[in-house]
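Shown next: start_5.cif, containing mmCIF, C-alpha atoms.
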data_upload
loop_
_atom_site.group_PDB
_atom_site.id
_atom_site.type_symbol
_atom_site.label_atom_id
_atom_site.label_comp_id
_atom_site.auth_asym_id
_atom_site.auth_seq_id
_atom_site.Cartn_x
_atom_site.Cartn_y
_atom_site.Cartn_z
ATOM 1 C CA MET A 1 86.844 50.515 180.646
ATOM 2 C CA SER A 2 88.057 48.845 177.478
ATOM 3 C CA LEU A 3 86.652 49.284 173.994
ATOM 4 C CA LYS A 4 84.815 46.246 172.634
ATOM 5 C CA PHE A 5 83.735 45.197 169.150
ATOM 6 C CA THR A 6 81.461 42.227 168.460
ATOM 7 C CA ALA A 7 81.411 39.843 165.491
ATOM 8 C CA SER A 8 78.213 37.831 165.115
ATOM 9 C CA PRO A 9 77.365 34.820 162.941
ATOM 10 C CA THR A 10 74.702 37.004 161.293
ATOM 11 C CA GLY A 11 77.585 38.773 159.515
ATOM 12 C CA LYS A 12 77.678 41.947 161.610
ATOM 13 C CA PHE A 13 80.807 43.480 163.148
ATOM 14 C CA SER A 14 79.992 46.357 165.478
ATOM 15 C CA GLY A 15 81.433 48.604 168.121
ATOM 16 C CA PRO A 16 80.886 52.095 169.497
ATOM 17 C CA GLY A 17 79.701 54.163 166.516
ATOM 18 C CA PHE A 18 80.727 51.452 164.034
ATOM 19 C CA THR A 19 78.926 48.716 162.093
ATOM 20 C CA ALA A 20 80.164 46.700 159.125
ATOM 21 C CA ARG A 21 79.562 43.402 157.383
ATOM 22 C CA CYS A 22 81.861 40.511 158.347
ATOM 23 C CA ALA A 23 82.558 36.856 157.634
ATOM 24 C CA LEU A 24 83.355 34.217 160.242
ATOM 25 C CA GLY A 25 84.596 30.640 160.074
ATOM 26 C CA LYS A 26 83.222 28.120 157.611
ATOM 27 C CA GLY A 27 82.818 25.738 160.564
ATOM 28 C CA GLY A 28 80.512 28.170 162.381
ATOM 29 C CA VAL A 29 81.060 29.501 165.877
ATOM 30 C CA VAL A 30 81.988 27.060 168.654
ATOM 31 C CA THR A 31 82.838 27.440 172.323
ATOM 32 C CA ALA A 32 86.550 27.938 172.949
ATOM 33 C CA SER A 33 86.636 24.541 174.697
ATOM 34 C CA GLN A 34 85.349 22.907 171.470
ATOM 35 C CA LYS A 35 87.761 24.748 169.137
ATOM 36 C CA ARG A 36 90.332 22.496 167.430
ATOM 37 C CA GLU A 37 93.164 23.203 165.019
ATOM 38 C CA GLY A 38 91.958 23.064 161.411
ATOM 39 C CA ASP A 39 88.211 22.819 162.163
ATOM 40 C CA GLY A 40 87.424 26.092 160.352
ATOM 41 C CA ALA A 41 85.401 27.323 163.334
ATOM 42 C CA SER A 42 85.563 30.723 165.012
ATOM 43 C CA PRO A 43 86.004 30.515 168.798
ATOM 44 C CA ALA A 44 83.261 32.246 170.805
ATOM 45 C CA GLY A 45 84.555 34.521 173.535
ATOM 46 C CA VAL A 46 86.145 37.880 174.165
ATOM 47 C CA TRP A 47 89.670 38.164 172.771
ATOM 48 C CA PRO A 48 92.153 41.012 173.306
ATOM 49 C CA VAL A 49 93.677 42.742 170.296
ATOM 50 C CA ARG A 50 97.449 42.187 170.260
ATOM 51 C CA ASN A 51 99.239 43.569 167.162
ATOM 52 C CA VAL A 52 98.477 44.852 163.683
ATOM 53 C CA PHE A 53 100.547 43.352 160.865
ATOM 54 C CA TYR A 54 100.471 44.965 157.421
ATOM 55 C CA ARG A 55 102.045 44.633 153.976
ATOM 56 C CA PRO A 56 104.028 47.870 153.504
ATOM 57 C CA ASP A 57 104.360 47.151 149.772
ATOM 58 C CA ARG A 58 100.547 47.085 149.371
ATOM 59 C CA VAL A 59 99.001 49.377 151.988
ATOM 60 C CA GLU A 60 100.011 52.537 153.740
ATOM 61 C CA THR A 61 100.702 52.193 157.433
ATOM 62 C CA PRO A 62 97.235 51.870 159.012
ATOM 63 C CA VAL A 63 96.158 54.734 161.249
ATOM 64 C CA THR A 64 95.786 53.257 164.729
ATOM 65 C CA SER A 65 97.216 53.508 168.220
ATOM 66 C CA LEU A 66 97.691 49.730 168.331
ATOM 67 C CA PRO A 67 101.177 48.188 168.052
ATOM 68 C CA MET A 68 102.172 47.947 164.376
ATOM 69 C CA VAL A 69 104.357 45.306 162.721
ATOM 70 C CA PRO A 70 105.296 45.644 159.031
ATOM 71 C CA LEU A 71 105.277 42.204 157.395
ATOM 72 C CA LYS A 72 108.260 40.773 155.553
ATOM 73 C CA PRO A 73 108.272 38.004 152.915
ATOM 74 C CA HIS A 74 109.700 35.492 155.421
ATOM 75 C CA ASP A 75 106.922 35.950 158.027
ATOM 76 C CA GLY A 76 104.785 32.974 158.970
ATOM 77 C CA TRP A 77 102.651 31.595 161.819
ATOM 78 C CA CYS A 78 103.148 28.122 163.291
ATOM 79 C CA ASP A 79 100.027 25.925 163.247
ATOM 80 C CA ALA A 80 101.782 22.632 164.127
ATOM 81 C CA SER A 81 100.050 21.606 167.372
ATOM 82 C CA ASN A 82 103.023 19.585 168.631
ATOM 83 C CA HIS A 83 105.651 22.285 167.976
ATOM 84 C CA PRO A 84 107.011 24.516 170.789
ATOM 85 C CA LEU A 85 106.259 27.606 168.639
ATOM 86 C CA TYR A 86 102.602 26.597 168.068
ATOM 87 C CA ASN A 87 100.380 29.673 167.628
ATOM 88 C CA ARG A 88 103.369 31.994 167.425
ATOM 89 C CA PRO A 89 104.953 34.006 164.605
ATOM 90 C CA VAL A 90 107.838 32.228 162.876
ATOM 91 C CA SER A 91 110.410 32.996 160.214
ATOM 92 C CA LEU A 92 110.282 31.073 156.925
ATOM 93 C CA PRO A 93 111.501 28.678 155.774
ATOM 94 C CA PHE A 94 110.052 26.738 158.717
ATOM 95 C CA ALA A 95 110.038 22.935 158.777
ATOM 96 C CA ALA A 96 106.828 22.456 160.801
ATOM 97 C CA SER A 97 103.318 23.223 159.529
ATOM 98 C CA HIS A 98 102.694 26.957 159.204
ATOM 99 C CA GLU A 99 100.751 29.681 157.463
ATOM 100 C CA LYS A 100 102.476 32.209 155.231
ATOM 101 C CA LEU A 101 101.576 35.758 156.259
ATOM 102 C CA TRP A 102 103.040 37.291 153.053
ATOM 103 C CA ARG A 103 100.410 35.988 150.631
ATOM 104 C CA ASP A 104 99.691 36.385 146.928
ATOM 105 C CA ASP A 105 96.034 37.202 147.613
ATOM 106 C CA HIS A 106 95.164 40.307 149.611
ATOM 107 C CA VAL A 107 93.417 38.868 152.693
ATOM 108 C CA TYR A 108 96.530 39.309 154.865
ATOM 109 C CA ASP A 109 97.493 42.775 153.607
ATOM 110 C CA VAL A 110 96.247 43.904 157.051
ATOM 111 C CA ILE A 111 96.033 41.434 159.948
ATOM 112 C CA VAL A 112 94.887 42.123 163.501
ATOM 113 C CA GLU A 113 96.235 39.444 165.847
ATOM 114 C CA LEU A 114 93.688 38.357 168.446
ATOM 115 C CA GLY A 115 94.801 37.000 171.813
ATOM 116 C CA TYR A 116 93.196 33.593 171.368
ATOM 117 C CA ASN A 117 94.954 30.505 172.804
ATOM 118 C CA ASP A 118 98.128 32.459 173.457
ATOM 119 C CA ASP A 119 98.352 32.874 177.242
ATOM 120 C CA PRO A 120 99.037 30.033 177.749
ATOM 121 C CA VAL A 121 99.089 28.225 174.418
ATOM 122 C CA GLU A 122 97.303 24.858 174.512
ATOM 123 C CA ALA A 123 98.298 22.350 171.821
ATOM 124 C CA GLY A 124 95.599 21.657 169.239
ATOM 125 C CA ARG A 125 93.143 24.312 170.478
ATOM 126 C CA GLY A 126 93.483 26.515 167.398
ATOM 127 C CA SER A 127 95.947 29.087 166.136
ATOM 128 C CA ALA A 128 96.131 32.285 164.112
ATOM 129 C CA ILE A 129 92.702 33.714 164.923
ATOM 130 C CA PHE A 130 92.933 37.037 163.118
ATOM 131 C CA LEU A 131 90.790 39.936 162.009
ATOM 132 C CA HIS A 132 91.740 40.338 158.338
ATOM 133 C CA ILE A 133 90.509 41.466 154.912
ATOM 134 C CA ALA A 134 87.491 39.610 153.519
ATOM 135 C CA ARG A 135 87.567 37.577 150.328
ATOM 136 C CA PRO A 136 85.166 38.513 147.521
ATOM 137 C CA ASN A 137 81.527 37.920 148.508
ATOM 138 C CA TYR A 138 82.583 37.537 152.172
ATOM 139 C CA GLU A 139 83.436 33.864 151.759
ATOM 140 C CA PRO A 140 83.753 32.131 155.149
ATOM 141 C CA THR A 141 87.197 32.058 156.763
ATOM 142 C CA GLU A 142 89.245 29.277 158.344
ATOM 143 C CA GLY A 143 88.115 30.573 161.768
ATOM 144 C CA CYS A 144 89.036 34.245 161.597
ATOM 145 C CA ILE A 145 86.911 37.390 161.319
ATOM 146 C CA ALA A 146 87.068 39.136 157.935
ATOM 147 C CA LEU A 147 85.981 42.662 156.960
ATOM 148 C CA GLU A 148 86.152 44.627 153.729
ATOM 149 C CA LYS A 149 89.498 46.470 153.623
ATOM 150 C CA SER A 150 88.077 49.978 154.076
ATOM 151 C CA ASP A 151 85.937 48.791 157.020
ATOM 152 C CA LEU A 152 88.931 47.106 158.644
ATOM 153 C CA LEU A 153 91.024 50.258 158.290
ATOM 154 C CA ALA A 154 88.175 52.389 159.700
ATOM 155 C CA ALA A 155 87.790 50.034 162.688
ATOM 156 C CA LEU A 156 91.538 50.201 163.352
ATOM 157 C CA GLU A 157 91.328 53.985 163.617
ATOM 158 C CA LEU A 158 88.878 53.529 166.500
ATOM 159 C CA MET A 159 90.758 50.773 168.332
ATOM 160 C CA LEU A 160 92.955 51.531 171.313
ATOM 161 C CA PRO A 161 95.365 49.411 173.323
ATOM 162 C CA GLY A 162 93.164 47.198 175.486
ATOM 163 C CA THR A 163 90.472 46.826 172.802
ATOM 164 C CA GLU A 164 88.693 43.484 172.862
ATOM 165 C CA ILE A 165 86.805 41.632 170.142
ATOM 166 C CA GLU A 166 83.937 39.345 171.037
ATOM 167 C CA ILE A 167 82.937 36.503 168.752
ATOM 168 C CA SER A 168 79.316 35.760 169.693
ATOM 169 C CA PHE A 169 76.895 32.942 168.969
#

Rewrite the structure from the file as structure tokens, please.
Amino acid sequence: MSLKFTASPTGKFSGPGFTARCALGKGGVVTASQKREGDGASPAGVWPVRNVFYRPDRVETPVTSLPMVPLKPHDGWCDASNHPLYNRPVSLPFAASHEKLWRDDHVYDVIVELGYNDDPVEAGRGSAIFLHIARPNYEPTEGCIALEKSDLLAALELMLPGTEIEISF
């Protein structure tokens, strides 16, 4: 049996013995079949946790049994729907549209990669659905799930390989 956490549009992120406030996409929650690149919506469904990326210059290595990837300044994520590396990590500089993972703000100091639209990748269906650090006042995300840093780190301590995150309506 796998461990599951749930993020709801009411702003609650919960799992076994854990509850925290969260933010979801500014475009609301939509079915995965309705999700489109750049719509700002969070895709409803159950998504496996893949990897944890972190800024080693800003945070200590998170305590978790999940696979860990220290970020580097040249790390990015392709969000160009027509590119063969769509919804995959890339190295910068990168000519096609992408997100920088090494950011000036702190929202990507810790990133949990969710297995959304990655097996297989479908062009235009959305990319880079992450669990990451919330902005001040839990401002809505571009489609991700965001938690306060200490809550995110506490949740990571509980997560195991095979953990799933449900985004509910």

Sort by chain and increasing residue number a table of all residues of stretch 52-92 of chain A within 7 Å of stretch 118-124 of chain A, each with its closest pair of atoms and their distance in Å to one decimal, counting all atoms listed in the file, and write it as CSV.
residue,atom,partner,partner_atom,distance
A:Ser81,CA,A:Gly124,CA,4.8
A:Asn82,CA,A:Ala123,CA,6.3
A:Asn87,CA,A:Asp118,CA,6.8

At most 6 Å is the cut-off: for each residue in stretch 40-83 of chain A with any atom that close to an atom of stretch 96-107 of chain A, write down the nearest atom pair and the distance in Å rounded to one decimal, counting only C-alpha atoms, chain first then increasing number, as a Markdown table.
| residue | atom | partner | partner_atom | distance |
| --- | --- | --- | --- | --- |
| A:Pro73 | CA | A:Trp102 | CA | 5.3 |
| A:Asp75 | CA | A:Leu101 | CA | 5.6 |
| A:Gly76 | CA | A:Lys100 | CA | 4.5 |
| A:Trp77 | CA | A:Glu99 | CA | 5.1 |
| A:Cys78 | CA | A:His98 | CA | 4.3 |
| A:Asp79 | CA | A:His98 | CA | 5.0 |
| A:Ala80 | CA | A:Ser97 | CA | 4.9 |

Save the residues we just selected, C-alpha atoms, as a PDB file, in the coordinates of the input?
ATOM      1  CA  PRO A  73     108.272  38.004 152.915  1.00  0.00           C
ATOM      2  CA  ASP A  75     106.922  35.950 158.027  1.00  0.00           C
ATOM      3  CA  GLY A  76     104.785  32.974 158.970  1.00  0.00           C
ATOM      4  CA  TRP A  77     102.651  31.595 161.819  1.00  0.00           C
ATOM      5  CA  CYS A  78     103.148  28.122 163.291  1.00  0.00           C
ATOM      6  CA  ASP A  79     100.027  25.925 163.247  1.00  0.00           C
ATOM      7  CA  ALA A  80     101.782  22.632 164.127  1.00  0.00           C
TER       8      ALA A  80
END

**Report entry** Result set, the PyMOL selection byres ((chain A and resi 44-56) around 7) on current file, as a ChimeraX atom specification
**Finding:** /A:29-32,42-43,57-61,66-71,109-116,162-169

With C-alpha atoms kept, could you save the residues just selected as an mmCIF file, keeping the file's coordinate frame?
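Writing done, so here's out09.cif:
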data_model
loop_
_atom_site.group_PDB
_atom_site.id
_atom_site.type_symbol
_atom_site.label_atom_id
_atom_site.label_comp_id
_atom_site.auth_asym_id
_atom_site.auth_seq_id
_atom_site.Cartn_x
_atom_site.Cartn_y
_atom_site.Cartn_z
ATOM 1 C CA VAL A 29 81.060 29.501 165.877
ATOM 2 C CA VAL A 30 81.988 27.060 168.654
ATOM 3 C CA THR A 31 82.838 27.440 172.323
ATOM 4 C CA ALA A 32 86.550 27.938 172.949
ATOM 5 C CA SER A 42 85.563 30.723 165.012
ATOM 6 C CA PRO A 43 86.004 30.515 168.798
ATOM 7 C CA ASP A 57 104.360 47.151 149.772
ATOM 8 C CA ARG A 58 100.547 47.085 149.371
ATOM 9 C CA VAL A 59 99.001 49.377 151.988
ATOM 10 C CA GLU A 60 100.011 52.537 153.740
ATOM 11 C CA THR A 61 100.702 52.193 157.433
ATOM 12 C CA LEU A 66 97.691 49.730 168.331
ATOM 13 C CA PRO A 67 101.177 48.188 168.052
ATOM 14 C CA MET A 68 102.172 47.947 164.376
ATOM 15 C CA VAL A 69 104.357 45.306 162.721
ATOM 16 C CA PRO A 70 105.296 45.644 159.031
ATOM 17 C CA LEU A 71 105.277 42.204 157.395
ATOM 18 C CA ASP A 109 97.493 42.775 153.607
ATOM 19 C CA VAL A 110 96.247 43.904 157.051
ATOM 20 C CA ILE A 111 96.033 41.434 159.948
ATOM 21 C CA VAL A 112 94.887 42.123 163.501
ATOM 22 C CA GLU A 113 96.235 39.444 165.847
ATOM 23 C CA LEU A 114 93.688 38.357 168.446
ATOM 24 C CA GLY A 115 94.801 37.000 171.813
ATOM 25 C CA TYR A 116 93.196 33.593 171.368
ATOM 26 C CA GLY A 162 93.164 47.198 175.486
ATOM 27 C CA THR A 163 90.472 46.826 172.802
ATOM 28 C CA GLU A 164 88.693 43.484 172.862
ATOM 29 C CA ILE A 165 86.805 41.632 170.142
ATOM 30 C CA GLU A 166 83.937 39.345 171.037
ATOM 31 C CA ILE A 167 82.937 36.503 168.752
ATOM 32 C CA SER A 168 79.316 35.760 169.693
ATOM 33 C CA PHE A 169 76.895 32.942 168.969
#

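The residues caught by the PyMOL selection byres ((chain A and resi 140-157) around 6) in this file are A:Cys22, A:Ala23, A:Leu24, A:Gly25, A:Lys26, A:Gly40, A:Ala41, A:Ser42, A:Val63, A:Thr64, A:Ile129, A:Phe130, A:Leu131, A:His132, A:Ile133, A:Ala134, A:Glu139, A:Leu158, A:Met159.
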
Using all atoms listed in the file, the shortest atom-to-atom distance to A:Asn117 among A:Lys12, A:Thr19, A:Thr6, A:Lys35 belongs to A:Lys35

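One distance worth recording is that between atom CA of A:Leu160 and atom CA of A:Pro89, which is 22.3 Å.
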
One decimal place gives the atom CA of A:Tyr138-atom CA of A:Ser14 separation as 16.2 Å

Report the residues retrieved by the PyMOL selection byres ((chain A and resi 126) around 6) from the displayed file, expressed as an MDAnalysis selection string. chainID A and resid 36:37 124:125 127
